[in-house]
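S.K.: Have a look at this one.
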Amino acid sequence: MHHAPRMSKVAAPLVAVLLMTGLSGCHWFKKKNELYTQSAETRPLEVPPDLDRPAVDKAMALPASASASAASTAPARPQAATGFAVPADRDAVFAKVGEALAATPGVQIASKAEILGTYDVDYMDSKFLVRVTRAGDGAFVSAVDPRGLPPSGEAAGKLIAALKAAIAP
């Protein structure tokens, strides 16, 4: 009887190792599906059906508004010409525009930015920018509001016409 307990001391760890190896479950997680055996770069991309193409049901729907109908009944204002081209260097034209603005009665230059090519002017109770930009081989002188849009009112058109007469005769 002495011999049996020794066998159990050796057999118990051996049985435990065999049991752990047999029941470890590594074979349960084996990748049998072909999609999972490929690398992530070669797997096909799955896109949900609603993300396949853009929704076009509201693409051309125009909202009905009262302001749109009121704007269509208002008389159209003639848009004043707010720019002209000069066949000269932008910096030279910028200097000439500054001289012409200073000589024009009623014009107050609030500020100027030579790098941007703009003069911030106040003329006939309207505030707008006179901008000189490079255009092809020459320069283009135009009037814009602070947002960069054509200014409303007739002051900008009158000032641009005066500048055109003084600079590009």
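Each chain in the structure tokens gets a letter, A, B, ..., in the order shown, and its residues are numbered from 1; ligands are numbered from 1 in order too.
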Within 12 Å of A:Lys158, counting only C-alpha atoms, which residues qualify if same-chain residues fewer than 6 places away don't, as a PyMOL selection string?
M.R.: chain A and resi 79-83+104+106-107+123-124+126+142-143+151-152+164-165
S.K.: Just to be explicit: take each residue in the selection above, keep N, CA, C and O atoms, and write the result as a PDB file, in the first residue's frame.
M.R.:
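So the final result, stored in result-v4.pdb, reads:
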ATOM      1  N   GLN A  79     -27.745  96.935 -61.832  1.00  0.00           N
ATOM      2  CA  GLN A  79     -26.481  96.746 -61.138  1.00  0.00           C
ATOM      3  C   GLN A  79     -25.428  97.666 -61.746  1.00  0.00           C
ATOM      4  O   GLN A  79     -25.194  97.654 -62.938  1.00  0.00           O
ATOM      5  N   ALA A  80     -24.831  98.489 -60.922  1.00  0.00           N
ATOM      6  CA  ALA A  80     -23.821  99.418 -61.405  1.00  0.00           C
ATOM      7  C   ALA A  80     -22.543  98.657 -61.726  1.00  0.00           C
ATOM      8  O   ALA A  80     -22.242  97.641 -61.115  1.00  0.00           O
ATOM      9  N   ALA A  81     -21.800  99.155 -62.691  1.00  0.00           N
ATOM     10  CA  ALA A  81     -20.518  98.546 -63.023  1.00  0.00           C
ATOM     11  C   ALA A  81     -19.577  98.805 -61.859  1.00  0.00           C
ATOM     12  O   ALA A  81     -19.393  99.945 -61.441  1.00  0.00           O
ATOM     13  N   THR A  82     -19.026  97.760 -61.298  1.00  0.00           N
ATOM     14  CA  THR A  82     -18.216  97.914 -60.097  1.00  0.00           C
ATOM     15  C   THR A  82     -16.763  97.533 -60.321  1.00  0.00           C
ATOM     16  O   THR A  82     -16.079  97.158 -59.391  1.00  0.00           O
ATOM     17  N   GLY A  83     -16.258  97.623 -61.556  1.00  0.00           N
ATOM     18  CA  GLY A  83     -14.856  97.324 -61.769  1.00  0.00           C
ATOM     19  C   GLY A  83     -14.406  97.604 -63.189  1.00  0.00           C
ATOM     20  O   GLY A  83     -15.212  97.721 -64.111  1.00  0.00           O
ATOM     21  N   THR A 104     -10.443 112.912 -55.098  1.00  0.00           N
ATOM     22  CA  THR A 104     -11.891 112.901 -55.346  1.00  0.00           C
ATOM     23  C   THR A 104     -12.611 113.548 -54.168  1.00  0.00           C
ATOM     24  O   THR A 104     -12.449 113.122 -53.024  1.00  0.00           O
ATOM     25  N   GLY A 106     -15.286 114.312 -51.394  1.00  0.00           N
ATOM     26  CA  GLY A 106     -16.284 113.512 -50.688  1.00  0.00           C
ATOM     27  C   GLY A 106     -15.794 112.126 -50.295  1.00  0.00           C
ATOM     28  O   GLY A 106     -16.486 111.402 -49.586  1.00  0.00           O
ATOM     29  N   VAL A 107     -14.608 111.740 -50.727  1.00  0.00           N
ATOM     30  CA  VAL A 107     -14.071 110.417 -50.392  1.00  0.00           C
ATOM     31  C   VAL A 107     -13.204 110.524 -49.150  1.00  0.00           C
ATOM     32  O   VAL A 107     -12.322 111.380 -49.074  1.00  0.00           O
ATOM     33  N   TYR A 123     -17.907 106.988 -48.932  1.00  0.00           N
ATOM     34  CA  TYR A 123     -18.260 107.901 -50.013  1.00  0.00           C
ATOM     35  C   TYR A 123     -19.777 107.957 -50.130  1.00  0.00           C
ATOM     36  O   TYR A 123     -20.437 106.913 -50.226  1.00  0.00           O
ATOM     37  N   MET A 124     -20.321 109.153 -50.109  1.00  0.00           N
ATOM     38  CA  MET A 124     -21.772 109.363 -50.220  1.00  0.00           C
ATOM     39  C   MET A 124     -22.537 108.524 -49.195  1.00  0.00           C
ATOM     40  O   MET A 124     -23.510 107.847 -49.514  1.00  0.00           O
ATOM     41  N   SER A 126     -21.811 105.778 -47.866  1.00  0.00           N
ATOM     42  CA  SER A 126     -21.675 104.334 -48.067  1.00  0.00           C
ATOM     43  C   SER A 126     -20.242 103.935 -47.737  1.00  0.00           C
ATOM     44  O   SER A 126     -19.301 104.648 -48.072  1.00  0.00           O
ATOM     45  N   SER A 142     -11.835  97.195 -58.480  1.00  0.00           N
ATOM     46  CA  SER A 142     -13.258  96.919 -58.264  1.00  0.00           C
ATOM     47  C   SER A 142     -13.685  97.420 -56.895  1.00  0.00           C
ATOM     48  O   SER A 142     -12.857  97.701 -56.035  1.00  0.00           O
ATOM     49  N   ALA A 143     -14.988  97.522 -56.718  1.00  0.00           N
ATOM     50  CA  ALA A 143     -15.570  97.906 -55.430  1.00  0.00           C
ATOM     51  C   ALA A 143     -16.331  96.705 -54.892  1.00  0.00           C
ATOM     52  O   ALA A 143     -17.079  96.047 -55.620  1.00  0.00           O
ATOM     53  N   PRO A 151     -21.168  95.861 -53.922  1.00  0.00           N
ATOM     54  CA  PRO A 151     -21.893  96.715 -52.971  1.00  0.00           C
ATOM     55  C   PRO A 151     -23.249  97.147 -53.522  1.00  0.00           C
ATOM     56  O   PRO A 151     -23.447  97.247 -54.734  1.00  0.00           O
ATOM     57  N   SER A 152     -24.171  97.387 -52.613  1.00  0.00           N
ATOM     58  CA  SER A 152     -25.481  97.892 -53.014  1.00  0.00           C
ATOM     59  C   SER A 152     -25.427  99.415 -52.993  1.00  0.00           C
ATOM     60  O   SER A 152     -24.621 100.016 -52.298  1.00  0.00           O
ATOM     61  N   LYS A 164     -12.062 105.195 -62.971  1.00  0.00           N
ATOM     62  CA  LYS A 164     -11.774 104.747 -64.333  1.00  0.00           C
ATOM     63  C   LYS A 164     -11.406 105.930 -65.214  1.00  0.00           C
ATOM     64  O   LYS A 164     -10.467 105.861 -66.027  1.00  0.00           O
ATOM     65  N   ALA A 165     -12.120 107.047 -65.070  1.00  0.00           N
ATOM     66  CA  ALA A 165     -11.834 108.231 -65.866  1.00  0.00           C
ATOM     67  C   ALA A 165     -10.464 108.793 -65.508  1.00  0.00           C
ATOM     68  O   ALA A 165      -9.747 109.315 -66.367  1.00  0.00           O
TER      69      ALA A 165
END
S.K.: Skip A:Phe140 itself and residues of its chain fewer than 6 positions away, then list as a compact mmCIF listing (two decimals) with N, CA and C atoms, in the first residue's frame all residues within 12 Å of it, counting only C-alpha atoms.
M.R.:
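Result saved to selection.txt:
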# COMPACT_ATOMS: atom_id res chain seq x y z
N THR A 82 -19.03 97.76 -61.30
CA THR A 82 -18.22 97.91 -60.10
C THR A 82 -16.76 97.53 -60.32
N GLY A 83 -16.26 97.62 -61.56
CA GLY A 83 -14.86 97.32 -61.77
C GLY A 83 -14.41 97.60 -63.19
N PHE A 84 -13.07 97.72 -63.36
CA PHE A 84 -12.49 97.92 -64.68
C PHE A 84 -11.05 97.41 -64.66
N ALA A 85 -10.54 97.07 -65.84
CA ALA A 85 -9.19 96.55 -65.98
C ALA A 85 -8.23 97.65 -66.40
N VAL A 86 -6.98 97.54 -65.93
CA VAL A 86 -5.94 98.50 -66.29
C VAL A 86 -4.71 97.70 -66.72
N PRO A 87 -4.16 97.98 -67.91
CA PRO A 87 -2.99 97.22 -68.37
C PRO A 87 -1.68 97.77 -67.76
N ALA A 88 -1.52 97.58 -66.45
CA ALA A 88 -0.31 98.05 -65.76
C ALA A 88 -0.06 97.15 -64.54
N ASP A 89 1.07 97.33 -63.90
CA ASP A 89 1.44 96.55 -62.71
C ASP A 89 0.48 96.88 -61.56
N ARG A 90 0.14 95.87 -60.76
CA ARG A 90 -0.82 96.05 -59.66
C ARG A 90 -0.35 97.10 -58.67
N ASP A 91 0.92 97.09 -58.31
CA ASP A 91 1.41 98.04 -57.32
C ASP A 91 1.34 99.48 -57.84
N ALA A 92 1.64 99.66 -59.12
CA ALA A 92 1.56 100.99 -59.70
C ALA A 92 0.11 101.46 -59.76
N VAL A 93 -0.79 100.56 -60.12
CA VAL A 93 -2.22 100.90 -60.18
C VAL A 93 -2.73 101.21 -58.78
N PHE A 94 -2.27 100.45 -57.76
CA PHE A 94 -2.69 100.70 -56.38
C PHE A 94 -2.30 102.12 -55.96
N VAL A 97 -4.59 104.60 -57.75
CA VAL A 97 -5.93 104.60 -57.15
C VAL A 97 -5.91 105.41 -55.87
N GLY A 117 -4.13 95.01 -51.24
CA GLY A 117 -4.56 95.82 -52.38
C GLY A 117 -5.93 96.43 -52.17
N THR A 118 -6.23 96.87 -50.95
CA THR A 118 -7.56 97.41 -50.67
C THR A 118 -7.48 98.78 -50.00
N VAL A 130 -12.38 99.51 -52.02
CA VAL A 130 -11.89 99.59 -53.39
C VAL A 130 -10.71 98.65 -53.43
N ARG A 131 -10.82 97.64 -54.27
CA ARG A 131 -9.82 96.57 -54.30
C ARG A 131 -9.08 96.59 -55.63
N VAL A 132 -7.75 96.42 -55.58
CA VAL A 132 -6.90 96.33 -56.77
C VAL A 132 -6.26 94.95 -56.75
N THR A 133 -6.61 94.14 -57.75
CA THR A 133 -6.07 92.77 -57.81
C THR A 133 -5.32 92.56 -59.11
N ARG A 134 -4.40 91.60 -59.10
CA ARG A 134 -3.66 91.24 -60.29
C ARG A 134 -4.59 90.43 -61.19
N ILE A 160 -16.25 104.23 -58.84
CA ILE A 160 -15.50 103.41 -59.81
C ILE A 160 -15.45 104.12 -61.17
N LEU A 163 -12.86 106.80 -60.85
CA LEU A 163 -11.52 106.21 -60.84
C LEU A 163 -11.12 105.77 -62.25
N LYS A 164 -12.06 105.20 -62.97
CA LYS A 164 -11.77 104.75 -64.33
C LYS A 164 -11.41 105.93 -65.21
N ILE A 167 -7.80 107.04 -64.07
CA ILE A 167 -6.67 106.09 -64.21
C ILE A 167 -6.56 105.51 -65.60
N ALA A 168 -7.68 105.09 -66.17
CA ALA A 168 -7.65 104.41 -67.48
C ALA A 168 -8.44 105.22 -68.50
S.K.: Rounded to one decimal in Å, what is the spacing between atom CA of A:Ile115 and atom CA of A:Val144?
M.R.: 16.8 Å
S.K.: Mind giving me the straight-line distance from atom CA of A:Leu129 to atom CA of A:Ala162 in Å, one decimal?
M.R.: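 Going from atom CA of A:Leu129 over to atom CA of A:Ala162, I get 15.0 Å.
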S.K.: Record the distance separating atom CA of A:Ser39 and atom CA of A:Thr21, expressed in Å with one decimal.
M.R.: 29.0 Å
S.K.: Ranking A:Pro146, A:Pro44, A:Gly22, A:Pro105 by minimum distance to A:Leu159 and counting only C-alpha atoms, which one comes first?
M.R.: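 For A:Leu159, the nearest of the given residues is A:Pro105.
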S.K.: Looking at A:Asp125, A:Ala166, A:Ala135, A:Ala102, which one is nearest to A:Gly153, with distances taken over only C-alpha atoms?
M.R.: A:Asp125
